[in-house]
Amino acid sequence: MIAYTEFTLDNGLRVIVHEDHTVQIAVMNILYDVGSRDEDENKTGFAHLFEHLMFGGSVNIPNYDEPLQRVGGENNAFTNTDITNYYLTVPAANIETGFWLESDRMLSLSFDPNVLEVQRKVVIEEFKQRYLNQPYGDVWLKLRPLAYQVHPYKWATIGKDISHIERATMDDVKEFFFSHYVPNNAVLVVAGNVTIDQVRRLAEKWFGPIPAGKKRRRALKAEPVQASKRQLIVEANVPANAFYKVYHMPGRFHDDYFAADLLSDVLGRGQSSRLYNTLVKEKEIFTSLSSFVMGTLDPGLLAISGRVKDGIAIEQAEDEVQQVVNEVLKNGVEQEELEKVKNQSQTTFEFDEVEVMNRAMNLAFASLSGDVERVNKEREMMNKVSTHDIMHVAEAMLTEENASVMYYKTK
């Protein structure tokens, strides 16, 4: 159980405090409720660009890293389809430095044209190196628009096209910043060797004066129910044929999410899973094979992916995967099998909460559900999943009409 206290400032900033006096550090995690799903389809990659820009200097602080490092702190950030998350760790006595730094860049970036040009080049280079010039790097650039027709999950966090970042103007940057990087669109978690009174005082002092932004109503296009199987064949200079199959599934806070997650574990988590055991170890159809869920807030994807062994036709590989899926649909999942993947997930929960920073992140993310206490409910929610629940989601999800398949072939 993660103990916490929460309150909201007048400007709408939600604050969550988790006291842990067994550690000598304090952590700050500030989650902005903006990801690539909030972008204009013709101006994608902005959420990720801002992950970089936020370290490029703010109104009063030209260099974010330097003052943090002087007090023994370290920091990082990440962006995905749903959120942008910044986090830092400092010796507990120096937590006010974190408040100063984070509040100043929420107040406003410096909007220095030189910083924009530097970070633009960094992001463009990342796009090229990680997604365009690396074997299999563009898989999700191609697979997302196959699976999604209208929902903004159809483009990756890096962006739909490199030209969108190349053409980004300072006016575009300012509009995106003042629409999303505002107190009433953020959750601040402070955890570690701190007290609720201390955090309340510092939050009021440093974040309280920042004006709230305009209330933003998210109105994303809902993805229609898929009516027929989709297929894409790609040829590239890659070392082996690769197979990808994705099924639409419920979003992260849906009642059926954990059943779908555990179903993916039964199918392809680890070397004792059905797919790996049957098609890698026994039949030697694949050299690697796994399944996983994307974990997105809006309805997401369960993915099966693997590298096909030389000499095996990729069409045969798909047929072999389908046989394993059909076995689940026909006979269900054994109770012992379900308990095994539950135990694996419980272990993940336990290890995840060892670090105070992870607890802070989990609190921030849970708050997006509208109920922070969800952070303490999810283990029990997962434990309650039955073999009947697994069968229910399998029958609903693992249909050919709900599937999108990509063959990634060697030239």
# chains A, B, ... in the order shown; residues from 1 in each chain; ligands from 1

$ residues_around --residues "A:Val123" --least-positions-apart "3" --cutoff "12 Å" --atoms "only C-alpha atoms" --output "number ranges by chain"
A: 45-53, 116-120, 126-131, 157-159, 161-166, 168

$ residues_around --residues "A:Ser290" --least-positions-apart "3" --cutoff "12 Å" --atoms "only C-alpha atoms" --output "ChimeraX atom specification"
/A:242-246,264-280,286-287,293,302-307,321

$ closest_residue --among "A:Glu74, A:Asp310, A:Glu339, A:Glu395" --to "A:Asn383" --atoms "only C-alpha atoms"
A:Glu339

$ residues_around --residues "A:Ile314" --least-positions-apart "4" --cutoff "9 Å" --atoms "only C-alpha atoms" --output "PDB file with N, CA and C atoms, in the first residue's frame"
ATOM      1  N   ASN A 241      13.010 -12.251 -41.550  1.00  0.00           N
ATOM      2  CA  ASN A 241      11.594 -11.921 -41.648  1.00  0.00           C
ATOM      3  C   ASN A 241      11.009 -11.749 -40.245  1.00  0.00           C
ATOM      4  N   ALA A 242      10.157 -10.759 -40.091  1.00  0.00           N
ATOM      5  CA  ALA A 242       9.510 -10.525 -38.794  1.00  0.00           C
ATOM      6  C   ALA A 242       8.003 -10.490 -38.981  1.00  0.00           C
ATOM      7  N   PHE A 243       7.311 -10.940 -37.947  1.00  0.00           N
ATOM      8  CA  PHE A 243       5.851 -11.065 -37.991  1.00  0.00           C
ATOM      9  C   PHE A 243       5.232 -10.229 -36.870  1.00  0.00           C
ATOM     10  N   VAL A 308      11.055 -14.698 -37.591  1.00  0.00           N
ATOM     11  CA  VAL A 308      10.810 -16.017 -38.185  1.00  0.00           C
ATOM     12  C   VAL A 308      12.141 -16.695 -38.516  1.00  0.00           C
ATOM     13  N   LYS A 309      12.235 -17.979 -38.245  1.00  0.00           N
ATOM     14  CA  LYS A 309      13.459 -18.727 -38.512  1.00  0.00           C
ATOM     15  C   LYS A 309      13.701 -18.835 -40.020  1.00  0.00           C
ATOM     16  N   GLU A 318       2.513 -17.391 -39.531  1.00  0.00           N
ATOM     17  CA  GLU A 318       1.234 -16.841 -39.064  1.00  0.00           C
ATOM     18  C   GLU A 318       0.232 -17.956 -38.772  1.00  0.00           C
ATOM     19  N   ASP A 319       0.181 -18.957 -39.634  1.00  0.00           N
ATOM     20  CA  ASP A 319      -0.732 -20.078 -39.399  1.00  0.00           C
ATOM     21  C   ASP A 319      -0.423 -20.776 -38.082  1.00  0.00           C
ATOM     22  N   TYR A 407       3.685  -8.303 -42.343  1.00  0.00           N
ATOM     23  CA  TYR A 407       4.849  -9.113 -42.668  1.00  0.00           C
ATOM     24  C   TYR A 407       5.994  -8.152 -42.976  1.00  0.00           C
ATOM     25  N   TYR A 408       7.062  -8.256 -42.229  1.00  0.00           N
ATOM     26  CA  TYR A 408       8.246  -7.412 -42.467  1.00  0.00           C
ATOM     27  C   TYR A 408       9.314  -8.327 -43.044  1.00  0.00           C
ATOM     28  N   LYS A 409       9.439  -8.296 -44.377  1.00  0.00           N
ATOM     29  CA  LYS A 409      10.266  -9.275 -45.078  1.00  0.00           C
ATOM     30  C   LYS A 409      11.644  -8.731 -45.442  1.00  0.00           C
TER      31      LYS A 409
END

$ closest_residue --among "A:Thr387, A:Thr89, A:Asn94, A:Asn11" --to "A:Val71" --atoms "only C-alpha atoms"
A:Asn94

$ select_by_dssp --residues "stretch 73-235 of chain A" --states "helix (DSSP H, G or I)" --output "compact mmCIF listing (two decimals) with N, CA, C and O atoms, in the first residue's frame"
# COMPACT_ATOMS: atom_id res chain seq x y z
N ALA A 92 17.07 15.16 0.38
CA ALA A 92 15.82 15.72 0.89
C ALA A 92 15.95 17.18 1.33
O ALA A 92 15.01 17.97 1.17
N ALA A 93 17.12 17.55 1.85
CA ALA A 93 17.31 18.91 2.34
C ALA A 93 17.26 19.94 1.21
O ALA A 93 17.06 21.13 1.46
N ASN A 94 17.42 19.48 -0.03
CA ASN A 94 17.49 20.40 -1.17
C ASN A 94 16.24 20.36 -2.04
O ASN A 94 16.27 20.79 -3.20
N ILE A 95 15.13 19.89 -1.49
CA ILE A 95 13.92 19.73 -2.30
C ILE A 95 13.41 21.05 -2.85
O ILE A 95 12.81 21.10 -3.92
N GLU A 96 13.67 22.16 -2.16
CA GLU A 96 13.14 23.44 -2.66
C GLU A 96 13.77 23.82 -4.00
O GLU A 96 13.13 24.50 -4.81
N THR A 97 14.99 23.37 -4.26
CA THR A 97 15.58 23.61 -5.58
C THR A 97 14.72 22.98 -6.67
O THR A 97 14.53 23.56 -7.75
N GLY A 98 14.19 21.82 -6.40
CA GLY A 98 13.30 21.16 -7.37
C GLY A 98 12.04 21.97 -7.62
O GLY A 98 11.60 22.13 -8.76
N PHE A 99 11.46 22.50 -6.54
CA PHE A 99 10.26 23.34 -6.69
C PHE A 99 10.57 24.57 -7.54
O PHE A 99 9.78 24.97 -8.41
N TRP A 100 11.70 25.19 -7.28
CA TRP A 100 12.11 26.39 -8.02
C TRP A 100 12.25 26.08 -9.51
O TRP A 100 11.71 26.79 -10.37
N LEU A 101 12.97 24.99 -9.83
CA LEU A 101 13.22 24.64 -11.23
C LEU A 101 11.94 24.26 -11.97
O LEU A 101 11.68 24.74 -13.08
N GLU A 102 11.14 23.40 -11.36
CA GLU A 102 9.94 22.92 -12.05
C GLU A 102 8.89 24.02 -12.20
O GLU A 102 8.20 24.10 -13.22
N SER A 103 8.77 24.86 -11.20
CA SER A 103 7.76 25.93 -11.28
C SER A 103 8.15 26.95 -12.34
O SER A 103 7.28 27.50 -13.04
N ASP A 104 9.45 27.23 -12.48
CA ASP A 104 9.85 28.26 -13.43
C ASP A 104 9.61 27.82 -14.86
O ASP A 104 9.20 28.62 -15.70
N ARG A 105 9.83 26.54 -15.16
CA ARG A 105 9.58 26.14 -16.54
C ARG A 105 8.10 25.88 -16.80
O ARG A 105 7.67 25.87 -17.94
N MET A 106 7.31 25.69 -15.73
CA MET A 106 5.86 25.69 -15.94
C MET A 106 5.36 27.11 -16.17
O MET A 106 4.44 27.34 -16.97
N LEU A 107 5.98 28.08 -15.50
CA LEU A 107 5.60 29.48 -15.67
C LEU A 107 5.77 29.89 -17.12
O LEU A 107 4.89 30.51 -17.71
N PRO A 113 14.86 31.29 -29.83
CA PRO A 113 14.91 30.65 -31.16
C PRO A 113 16.10 29.70 -31.33
O PRO A 113 15.99 28.68 -32.02
N ASN A 114 17.21 30.03 -30.69
CA ASN A 114 18.39 29.16 -30.78
C ASN A 114 18.14 27.81 -30.13
O ASN A 114 18.59 26.77 -30.62
N VAL A 115 17.43 27.84 -28.99
CA VAL A 115 17.10 26.58 -28.30
C VAL A 115 16.20 25.72 -29.18
O VAL A 115 16.38 24.51 -29.30
N LEU A 116 15.21 26.37 -29.81
CA LEU A 116 14.31 25.62 -30.69
C LEU A 116 15.10 24.95 -31.81
O LEU A 116 14.88 23.77 -32.13
N GLU A 117 16.03 25.68 -32.41
CA GLU A 117 16.80 25.11 -33.52
C GLU A 117 17.68 23.95 -33.06
O GLU A 117 17.79 22.93 -33.74
N VAL A 118 18.30 24.11 -31.89
CA VAL A 118 19.14 23.03 -31.36
C VAL A 118 18.31 21.78 -31.10
O VAL A 118 18.69 20.66 -31.51
N GLN A 119 17.18 21.92 -30.40
CA GLN A 119 16.37 20.76 -30.05
C GLN A 119 15.67 20.18 -31.27
O GLN A 119 15.43 18.97 -31.34
N ARG A 120 15.32 21.02 -32.23
CA ARG A 120 14.75 20.52 -33.48
C ARG A 120 15.73 19.56 -34.15
O ARG A 120 15.36 18.47 -34.59
N LYS A 121 16.99 19.96 -34.21
CA LYS A 121 18.02 19.12 -34.83
C LYS A 121 18.21 17.82 -34.05
O LYS A 121 18.40 16.75 -34.65
N VAL A 122 18.16 17.90 -32.72
CA VAL A 122 18.29 16.71 -31.88
C VAL A 122 17.17 15.72 -32.18
O VAL A 122 17.40 14.51 -32.36
N VAL A 123 15.93 16.22 -32.24
CA VAL A 123 14.78 15.36 -32.47
C VAL A 123 14.81 14.78 -33.89
O VAL A 123 14.51 13.59 -34.09
N ILE A 124 15.17 15.58 -34.87
CA ILE A 124 15.27 15.10 -36.25
C ILE A 124 16.31 13.99 -36.35
O ILE A 124 16.10 12.96 -37.00
N GLU A 125 17.45 14.19 -35.68
CA GLU A 125 18.49 13.17 -35.70
C GLU A 125 18.03 11.89 -35.02
O GLU A 125 18.32 10.78 -35.47
N GLU A 126 17.29 12.04 -33.91
CA GLU A 126 16.73 10.87 -33.22
C GLU A 126 15.76 10.13 -34.13
O GLU A 126 15.75 8.89 -34.19
N PHE A 127 14.91 10.88 -34.83
CA PHE A 127 13.95 10.29 -35.76
C PHE A 127 14.69 9.45 -36.80
O PHE A 127 14.31 8.30 -37.09
N LYS A 128 15.76 10.01 -37.35
CA LYS A 128 16.50 9.31 -38.40
C LYS A 128 17.21 8.07 -37.85
O LYS A 128 17.14 6.98 -38.44
N GLN A 129 17.91 8.24 -36.72
CA GLN A 129 18.73 7.14 -36.20
C GLN A 129 17.89 5.99 -35.65
O GLN A 129 18.19 4.82 -35.91
N ARG A 130 16.87 6.32 -34.88
CA ARG A 130 16.10 5.27 -34.18
C ARG A 130 14.96 4.69 -35.00
O ARG A 130 14.57 3.54 -34.78
N TYR A 131 14.43 5.48 -35.93
CA TYR A 131 13.21 5.04 -36.61
C TYR A 131 13.39 4.81 -38.11
O TYR A 131 12.69 3.97 -38.68
N LEU A 132 14.27 5.55 -38.76
CA LEU A 132 14.40 5.44 -40.21
C LEU A 132 15.62 4.65 -40.65
O LEU A 132 15.57 3.97 -41.67
N VAL A 139 8.81 -0.02 -37.65
CA VAL A 139 7.69 -0.96 -37.50
C VAL A 139 6.43 -0.25 -37.05
O VAL A 139 5.35 -0.36 -37.66
N TRP A 140 6.53 0.53 -35.97
CA TRP A 140 5.32 1.15 -35.43
C TRP A 140 4.90 2.38 -36.23
O TRP A 140 3.74 2.80 -36.16
N LEU A 141 5.82 2.94 -37.00
CA LEU A 141 5.41 4.01 -37.92
C LEU A 141 4.47 3.46 -38.99
O LEU A 141 3.63 4.18 -39.52
N LYS A 142 4.62 2.17 -39.29
CA LYS A 142 3.78 1.53 -40.31
C LYS A 142 2.60 0.77 -39.71
O LYS A 142 1.51 0.71 -40.30
N LEU A 143 2.82 0.18 -38.54
CA LEU A 143 1.79 -0.67 -37.94
C LEU A 143 0.67 0.14 -37.30
O LEU A 143 -0.51 -0.24 -37.36
N ARG A 144 1.01 1.27 -36.70
CA ARG A 144 -0.03 2.10 -36.07
C ARG A 144 -1.10 2.56 -37.07
O ARG A 144 -2.30 2.39 -36.81
N PRO A 145 -0.71 3.16 -38.20
CA PRO A 145 -1.76 3.58 -39.14
C PRO A 145 -2.50 2.42 -39.81
O PRO A 145 -3.55 2.63 -40.41
N LEU A 146 -1.96 1.21 -39.72
CA LEU A 146 -2.69 0.04 -40.20
C LEU A 146 -3.80 -0.32 -39.21
O LEU A 146 -4.93 -0.62 -39.60
N ALA A 147 -3.47 -0.27 -37.92
CA ALA A 147 -4.43 -0.67 -36.88
C ALA A 147 -5.44 0.42 -36.57
O ALA A 147 -6.60 0.15 -36.24
N PRO A 152 -5.93 9.30 -32.89
CA PRO A 152 -4.54 9.79 -33.01
C PRO A 152 -3.46 8.82 -32.57
O PRO A 152 -2.27 9.13 -32.73
N TYR A 153 -3.81 7.67 -32.06
CA TYR A 153 -2.80 6.63 -31.84
C TYR A 153 -2.23 6.14 -33.17
O TYR A 153 -1.30 5.32 -33.19
N LYS A 154 -2.78 6.60 -34.28
CA LYS A 154 -2.30 6.13 -35.58
C LYS A 154 -0.93 6.69 -35.93
O LYS A 154 -0.34 6.27 -36.93
N ILE A 162 8.71 13.34 -40.36
CA ILE A 162 9.82 14.17 -39.89
C ILE A 162 9.65 15.63 -40.30
O ILE A 162 10.13 16.55 -39.62
N SER A 163 8.92 15.87 -41.38
CA SER A 163 8.73 17.24 -41.86
C SER A 163 7.93 18.10 -40.89
O SER A 163 8.04 19.32 -40.91
N HIS A 164 7.10 17.47 -40.04
CA HIS A 164 6.31 18.24 -39.08
C HIS A 164 7.20 18.99 -38.09
O HIS A 164 6.92 20.14 -37.73
N ILE A 165 8.27 18.35 -37.65
CA ILE A 165 9.21 19.02 -36.75
C ILE A 165 10.10 19.98 -37.53
O ILE A 165 10.45 21.06 -37.04
N GLU A 166 10.45 19.60 -38.73
CA GLU A 166 11.27 20.49 -39.56
C GLU A 166 10.57 21.81 -39.80
O GLU A 166 11.21 22.87 -39.86
N MET A 170 7.99 29.05 -34.10
CA MET A 170 7.92 29.49 -32.72
C MET A 170 6.47 29.71 -32.28
O MET A 170 6.11 29.43 -31.14
N ASP A 171 5.63 30.19 -33.19
CA ASP A 171 4.21 30.36 -32.86
C ASP A 171 3.56 29.01 -32.57
O ASP A 171 2.72 28.90 -31.65
N ASP A 172 3.91 27.98 -33.33
CA ASP A 172 3.40 26.63 -33.07
C ASP A 172 3.81 26.17 -31.67
O ASP A 172 3.01 25.60 -30.92
N VAL A 173 5.07 26.41 -31.34
CA VAL A 173 5.62 26.01 -30.04
C VAL A 173 4.89 26.72 -28.91
O VAL A 173 4.49 26.10 -27.92
N LYS A 174 4.71 28.02 -29.03
CA LYS A 174 4.04 28.78 -27.97
C LYS A 174 2.59 28.33 -27.79
O LYS A 174 2.11 28.20 -26.66
N GLU A 175 1.91 28.11 -28.90
CA GLU A 175 0.52 27.67 -28.81
C GLU A 175 0.41 26.33 -28.09
O GLU A 175 -0.46 26.14 -27.23
N PHE A 176 1.30 25.40 -28.41
CA PHE A 176 1.26 24.08 -27.78
C PHE A 176 1.59 24.20 -26.29
O PHE A 176 0.93 23.57 -25.45
N PHE A 177 2.58 25.02 -25.97
CA PHE A 177 2.98 25.18 -24.57
C PHE A 177 1.85 25.74 -23.72
O PHE A 177 1.48 25.17 -22.68
N PHE A 178 1.27 26.83 -24.13
CA PHE A 178 0.26 27.49 -23.31
C PHE A 178 -1.10 26.77 -23.33
O PHE A 178 -1.98 27.09 -22.55
N SER A 179 -1.23 25.78 -24.21
CA SER A 179 -2.43 24.95 -24.21
C SER A 179 -2.33 23.77 -23.25
O SER A 179 -3.35 23.30 -22.75
N HIS A 180 -1.10 23.32 -23.00
CA HIS A 180 -0.95 22.06 -22.27
C HIS A 180 -0.08 22.14 -21.02
O HIS A 180 -0.31 21.39 -20.06
N PRO A 183 -0.85 24.74 -14.98
CA PRO A 183 -1.08 24.05 -13.69
C PRO A 183 -2.29 23.14 -13.69
O PRO A 183 -2.24 22.04 -13.12
N ASN A 184 -3.39 23.58 -14.29
CA ASN A 184 -4.62 22.78 -14.27
C ASN A 184 -4.59 21.60 -15.25
O ASN A 184 -5.58 20.90 -15.40
N ASN A 185 -3.44 21.38 -15.89
CA ASN A 185 -3.28 20.20 -16.74
C ASN A 185 -2.12 19.33 -16.25
O ASN A 185 -1.53 18.58 -17.01
N ILE A 196 3.87 16.62 4.68
CA ILE A 196 2.75 17.23 3.97
C ILE A 196 2.76 18.74 4.17
O ILE A 196 2.53 19.50 3.22
N ASP A 197 3.04 19.22 5.39
CA ASP A 197 3.05 20.67 5.63
C ASP A 197 4.15 21.36 4.83
O ASP A 197 3.95 22.45 4.29
N GLN A 198 5.30 20.72 4.76
CA GLN A 198 6.42 21.27 3.99
C GLN A 198 6.06 21.38 2.51
O GLN A 198 6.29 22.42 1.87
N VAL A 199 5.49 20.32 1.96
CA VAL A 199 5.14 20.31 0.54
C VAL A 199 4.04 21.32 0.25
O VAL A 199 4.10 22.04 -0.76
N ARG A 200 3.06 21.42 1.13
CA ARG A 200 1.98 22.39 0.92
C ARG A 200 2.54 23.81 0.88
O ARG A 200 2.17 24.62 0.03
N ARG A 201 3.44 24.10 1.81
CA ARG A 201 4.02 25.45 1.86
C ARG A 201 4.83 25.74 0.61
O ARG A 201 4.69 26.83 0.01
N LEU A 202 5.66 24.80 0.17
CA LEU A 202 6.49 25.00 -1.00
C LEU A 202 5.65 25.05 -2.29
O LEU A 202 5.96 25.82 -3.21
N ALA A 203 4.61 24.24 -2.34
CA ALA A 203 3.74 24.25 -3.53
C ALA A 203 3.04 25.59 -3.67
O ALA A 203 2.95 26.16 -4.77
N GLU A 204 2.52 26.11 -2.54
CA GLU A 204 1.87 27.42 -2.58
C GLU A 204 2.86 28.52 -2.97
O GLU A 204 2.55 29.42 -3.75
N LYS A 205 4.07 28.43 -2.43
CA LYS A 205 5.08 29.46 -2.68
C LYS A 205 5.53 29.49 -4.13
O LYS A 205 5.60 30.57 -4.75
N TRP A 206 5.81 28.32 -4.70
CA TRP A 206 6.43 28.28 -6.02
C TRP A 206 5.45 28.07 -7.17
O TRP A 206 5.64 28.60 -8.27

$ residues_around --residues "A:Gly251" --least-positions-apart "2" --cutoff "10 Å" --atoms "only C-alpha atoms" --output "count of residues only"
18

$ closest_residue --among "A:Asp40, A:Glu6, A:Ser404, A:Leu31" --to "A:Lys229" --atoms "only C-alpha atoms"
A:Ser404

$ closest_residue --among "A:Leu232, A:Ile83, A:Ile25, A:Met391" --to "A:Val187" --atoms "only C-alpha atoms"
A:Ile83

$ closest_residue --among "A:Phe365, A:Trp155, A:Phe351, A:Phe292" --to "A:Asn42" --atoms "only C-alpha atoms"
A:Trp155

$ atom_distance --atom1 "atom CA of A:Pro224" --atom2 "atom CA of A:Met397"
14.2 Å

$ atom_distance --atom1 "atom CA of A:Ser345" --atom2 "atom CA of A:Leu262"
8.4 Å

$ atom_distance --atom1 "atom CA of A:Ala364" --atom2 "atom CA of A:Glu41"
27.2 Å
